[in-house]
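First up is the structure itself, then whatever we jot down about it.
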Amino acid sequence: MRLFIAAALLVAFAGCAPSSSQYADLVVRTEQGAETIVPASLDRTYLASERAFLFFEIRRTAYEVSQDSQNRRLSGRGGPRDAQVWVMLEKTPAGNAHIVVKALSAAANPDLEFAAELTEKIIEYVDKLAEDGISGGEA
C-alpha cells in the first residue's frame, strides 16, 4: 500500500516544480497517519521536521539515520494532545523526500488528524527554508 501511495504521488508530481506549499492539499491520510512527497533534500526536510516539532512543542526522543543516509527517523512526544509521533523521511529515486508521519494519542489510538497537521506543518517549513535559501546543512 505504501509503495502504491508513493508511486501515485510521484506520478502526480512528475514534470511539475511548484513550491512545496502547493503540496499541503496532497497529504495522503493513511490508516496509521499521513504521508506526502516534497521536492526537497532530506537535509532540508529533516530541518523542517525539527522546526515543526518546535512549533507543536513536541520533545524529540530519538533520531536515527540509515547507514546509506537515504532514510531518517525522528520520534517524539507532545503536541496539543500529548501524542507519540514518528516522522520517517526517505529519499526517493528522483531525489525528493518522502515523508511518513504517524501519531498515537495518549490513549494509544492513531491520531490521524494530528499526523496530517504535522505533515502539513513540515511542508510549510520546507517551503520557508527554500525561500530563505537554507538547504538544511547550515541552519
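Every chain in the C-alpha cells has a letter given in the order shown (A, B, ...), and although residue numbers restart at 1 in each chain, ligands are simply numbered from 1 in the order shown.
Using only C-alpha atoms, the protein and nucleic acid residues lying no more than 6 Å from segment 65-75 of chain A, apart from those fewer than 6 places from it along its own chain, are Val85, Trp86, Val87, Met88, Leu89, Glu90 and Lys91 of chain A.
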Writing out the chosen residues with N, CA and C atoms as a compact mmCIF listing (two decimals), in the first residue's frame:
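So the final result, stored in part-v1.txt, reads:
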```
# COMPACT_ATOMS: atom_id res chain seq x y z
N VAL A 85 4.77 10.65 18.39
CA VAL A 85 4.84 10.84 16.94
C VAL A 85 6.13 10.26 16.37
N TRP A 86 6.04 9.83 15.12
CA TRP A 86 7.17 9.33 14.36
C TRP A 86 7.14 10.00 13.00
N VAL A 87 8.28 10.51 12.58
CA VAL A 87 8.42 11.08 11.24
C VAL A 87 9.51 10.28 10.55
N MET A 88 9.15 9.63 9.46
CA MET A 88 10.10 8.87 8.66
C MET A 88 10.33 9.62 7.35
N LEU A 89 11.59 9.83 7.03
CA LEU A 89 11.98 10.53 5.81
C LEU A 89 12.78 9.57 4.94
N GLU A 90 12.44 9.52 3.67
CA GLU A 90 13.13 8.62 2.75
C GLU A 90 13.40 9.35 1.45
N LYS A 91 14.62 9.24 0.97
CA LYS A 91 14.98 9.85 -0.32
C LYS A 91 14.38 9.00 -1.44
```
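Those residues that approach Ala108 of chain A to within 12 Å, counting only C-alpha atoms, are Gln32, Arg81, Asp82, Ala83, Gln84, Val85 and Lys102 of chain A; same-chain residues fewer than 6 positions away are not listed.
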Residues of segment 62-102 of chain A that approach segment 52-57 of chain A to 8 Å or less, counting only C-alpha atoms: could you list each one with the shortest pair of atoms and its distance in Å to one decimal, rows by chain and increasing residue number, as CSV?
```
residue,atom,partner,partner_atom,distance
A:Gly78,CA,A:Glu57,CA,6.1
A:Gly79,CA,A:Phe56,CA,4.8
A:Pro80,CA,A:Phe56,CA,7.0
```
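The space between atom CA of Gly33 of chain A and atom CA of Ser105 of chain A spans 11.5 Å.
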Next on the checklist: Just checking: using only C-alpha atoms, which residue out of A:Glu64, A:Asp132, A:Glu117, A:Asp111 ends up closest to Tyr46 of chain A?
Outcome noted: A:Glu64
Checklist entry - Please, which residues of segment 3-130 of chain A, numbered as in this document, come out strand (DSSP E or B) from DSSP, as a VMD selection string? => result chain A and resid 28 to 29 33 to 38 58 to 65 71 to 78 83 to 91 97 to 104 110
Keeping only N, CA and C atoms, write the selected residues to a file as a CSV table (one decimal), in the first residue's frame.
```csv
chain,number,residue,atom,x,y,z
A,28,VAL,N,-1.6,12.6,1.9
A,28,VAL,CA,-2.4,11.4,1.9
A,28,VAL,C,-2.6,10.9,3.3
A,29,ARG,N,-3.8,10.8,3.7
A,29,ARG,CA,-4.1,10.2,5.0
A,29,ARG,C,-4.2,8.7,4.9
A,33,GLY,N,-1.6,7.2,9.7
A,33,GLY,CA,-1.1,8.6,9.8
A,33,GLY,C,-1.3,9.4,8.5
A,34,ALA,N,-0.2,10.0,8.0
A,34,ALA,CA,-0.3,10.8,6.8
A,34,ALA,C,1.1,10.7,6.1
A,35,GLU,N,1.1,11.0,4.8
A,35,GLU,CA,2.3,11.0,4.0
A,35,GLU,C,2.2,11.9,2.8
A,36,THR,N,3.4,12.2,2.3
A,36,THR,CA,3.5,13.0,1.1
A,36,THR,C,4.9,12.9,0.5
A,37,ILE,N,5.1,13.5,-0.6
A,37,ILE,CA,6.4,13.7,-1.2
A,37,ILE,C,6.7,15.2,-1.5
A,38,VAL,N,7.8,15.7,-1.1
A,38,VAL,CA,8.1,17.1,-1.3
A,38,VAL,C,9.4,17.2,-2.2
A,58,ILE,N,6.7,19.5,20.6
A,58,ILE,CA,7.0,18.0,20.7
A,58,ILE,C,8.4,17.8,21.1
A,59,ARG,N,8.7,17.1,22.1
A,59,ARG,CA,10.0,16.8,22.6
A,59,ARG,C,10.6,15.6,21.8
A,60,ARG,N,11.7,15.8,21.2
A,60,ARG,CA,12.3,14.8,20.4
A,60,ARG,C,12.9,13.7,21.4
A,61,THR,N,12.5,12.5,21.1
A,61,THR,CA,13.0,11.4,22.0
A,61,THR,C,14.0,10.5,21.3
A,62,ALA,N,14.1,10.5,19.9
A,62,ALA,CA,15.0,9.7,19.2
A,62,ALA,C,15.2,10.2,17.8
A,63,TYR,N,16.4,9.9,17.2
A,63,TYR,CA,16.7,10.3,15.9
A,63,TYR,C,17.6,9.2,15.3
A,64,GLU,N,17.3,8.7,14.2
A,64,GLU,CA,18.1,7.7,13.5
A,64,GLU,C,18.4,8.0,12.1
A,65,VAL,N,19.6,7.6,11.6
A,65,VAL,CA,19.9,7.8,10.2
A,65,VAL,C,20.4,6.5,9.7
A,71,ASN,N,17.6,7.3,4.6
A,71,ASN,CA,16.4,7.3,5.4
A,71,ASN,C,16.7,7.9,6.8
A,72,ARG,N,15.8,8.6,7.3
A,72,ARG,CA,15.9,9.2,8.6
A,72,ARG,C,14.6,9.0,9.4
A,73,ARG,N,14.7,8.9,10.7
A,73,ARG,CA,13.6,8.7,11.5
A,73,ARG,C,13.7,9.6,12.8
A,74,LEU,N,12.7,10.3,13.0
A,74,LEU,CA,12.6,11.2,14.1
A,74,LEU,C,11.4,10.9,15.0
A,75,SER,N,11.5,10.8,16.3
A,75,SER,CA,10.3,10.5,17.1
A,75,SER,C,10.3,11.4,18.3
A,76,GLY,N,9.1,11.6,18.8
A,76,GLY,CA,9.0,12.5,20.0
A,76,GLY,C,7.6,12.3,20.6
A,77,ARG,N,7.4,13.1,21.6
A,77,ARG,CA,6.2,13.1,22.4
A,77,ARG,C,5.8,14.5,22.7
A,78,GLY,N,4.5,14.9,22.6
A,78,GLY,CA,4.0,16.2,22.9
A,78,GLY,C,2.9,16.6,22.0
A,83,ALA,N,0.6,13.5,22.0
A,83,ALA,CA,0.8,12.3,21.2
A,83,ALA,C,2.2,11.8,21.1
A,84,GLN,N,2.4,10.6,20.8
A,84,GLN,CA,3.6,10.0,20.5
A,84,GLN,C,3.7,10.0,19.0
A,85,VAL,N,4.8,10.7,18.4
A,85,VAL,CA,4.8,10.8,16.9
A,85,VAL,C,6.1,10.3,16.4
A,86,TRP,N,6.0,9.8,15.1
A,86,TRP,CA,7.2,9.3,14.4
A,86,TRP,C,7.1,10.0,13.0
A,87,VAL,N,8.3,10.5,12.6
A,87,VAL,CA,8.4,11.1,11.2
A,87,VAL,C,9.5,10.3,10.5
A,88,MET,N,9.1,9.6,9.5
A,88,MET,CA,10.1,8.9,8.7
A,88,MET,C,10.3,9.6,7.3
A,89,LEU,N,11.6,9.8,7.0
A,89,LEU,CA,12.0,10.5,5.8
A,89,LEU,C,12.8,9.6,4.9
A,90,GLU,N,12.4,9.5,3.7
A,90,GLU,CA,13.1,8.6,2.8
A,90,GLU,C,13.4,9.4,1.5
A,91,LYS,N,14.6,9.2,1.0
A,91,LYS,CA,15.0,9.8,-0.3
A,91,LYS,C,14.4,9.0,-1.4
A,97,ALA,N,11.9,14.1,-1.1
A,97,ALA,CA,11.8,13.5,0.2
A,97,ALA,C,10.4,12.9,0.4
A,98,HIS,N,10.3,11.7,0.7
A,98,HIS,CA,9.0,11.0,1.0
A,98,HIS,C,8.9,11.1,2.5
A,99,ILE,N,7.8,11.7,3.0
A,99,ILE,CA,7.5,11.9,4.4
A,99,ILE,C,6.4,11.0,4.8
A,100,VAL,N,6.6,10.3,5.9
A,100,VAL,CA,5.6,9.5,6.5
A,100,VAL,C,5.5,9.9,8.0
A,101,VAL,N,4.3,10.3,8.4
A,101,VAL,CA,4.1,10.7,9.8
A,101,VAL,C,3.0,9.8,10.4
A,102,LYS,N,3.3,9.3,11.6
A,102,LYS,CA,2.4,8.5,12.4
A,102,LYS,C,2.3,9.2,13.8
A,103,ALA,N,1.1,9.1,14.3
A,103,ALA,CA,0.9,9.7,15.7
A,103,ALA,C,-0.1,8.8,16.4
A,104,LEU,N,0.2,8.6,17.7
A,104,LEU,CA,-0.7,7.9,18.6
A,104,LEU,C,-1.1,8.9,19.7
A,110,PRO,N,-4.5,5.7,17.0
A,110,PRO,CA,-4.0,6.5,15.9
A,110,PRO,C,-4.6,7.9,15.9
```
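Distances here use only C-alpha atoms; by that measure, the residue among A:Ala107, A:Leu47, A:Leu26, A:Ala94 closest to Asp127 of chain A is A:Leu47.
In terms of minimum interatomic distance to Arg51 of chain A, A:Thr119 ranks closest within A:Thr119, A:Thr30, A:Asn109, A:Asn96, counting only C-alpha atoms.
Distances to Lys128 of chain A were evaluated for A:Thr92, A:Ala48, A:Ala116, A:Ala106 using only C-alpha atoms, and the minimum falls at A:Ala48.
Minimum distance to Leu42 of chain A across A:Gly95, A:Ile134, A:Lys121, A:Ala115 (counting only C-alpha atoms) occurs at A:Gly95.
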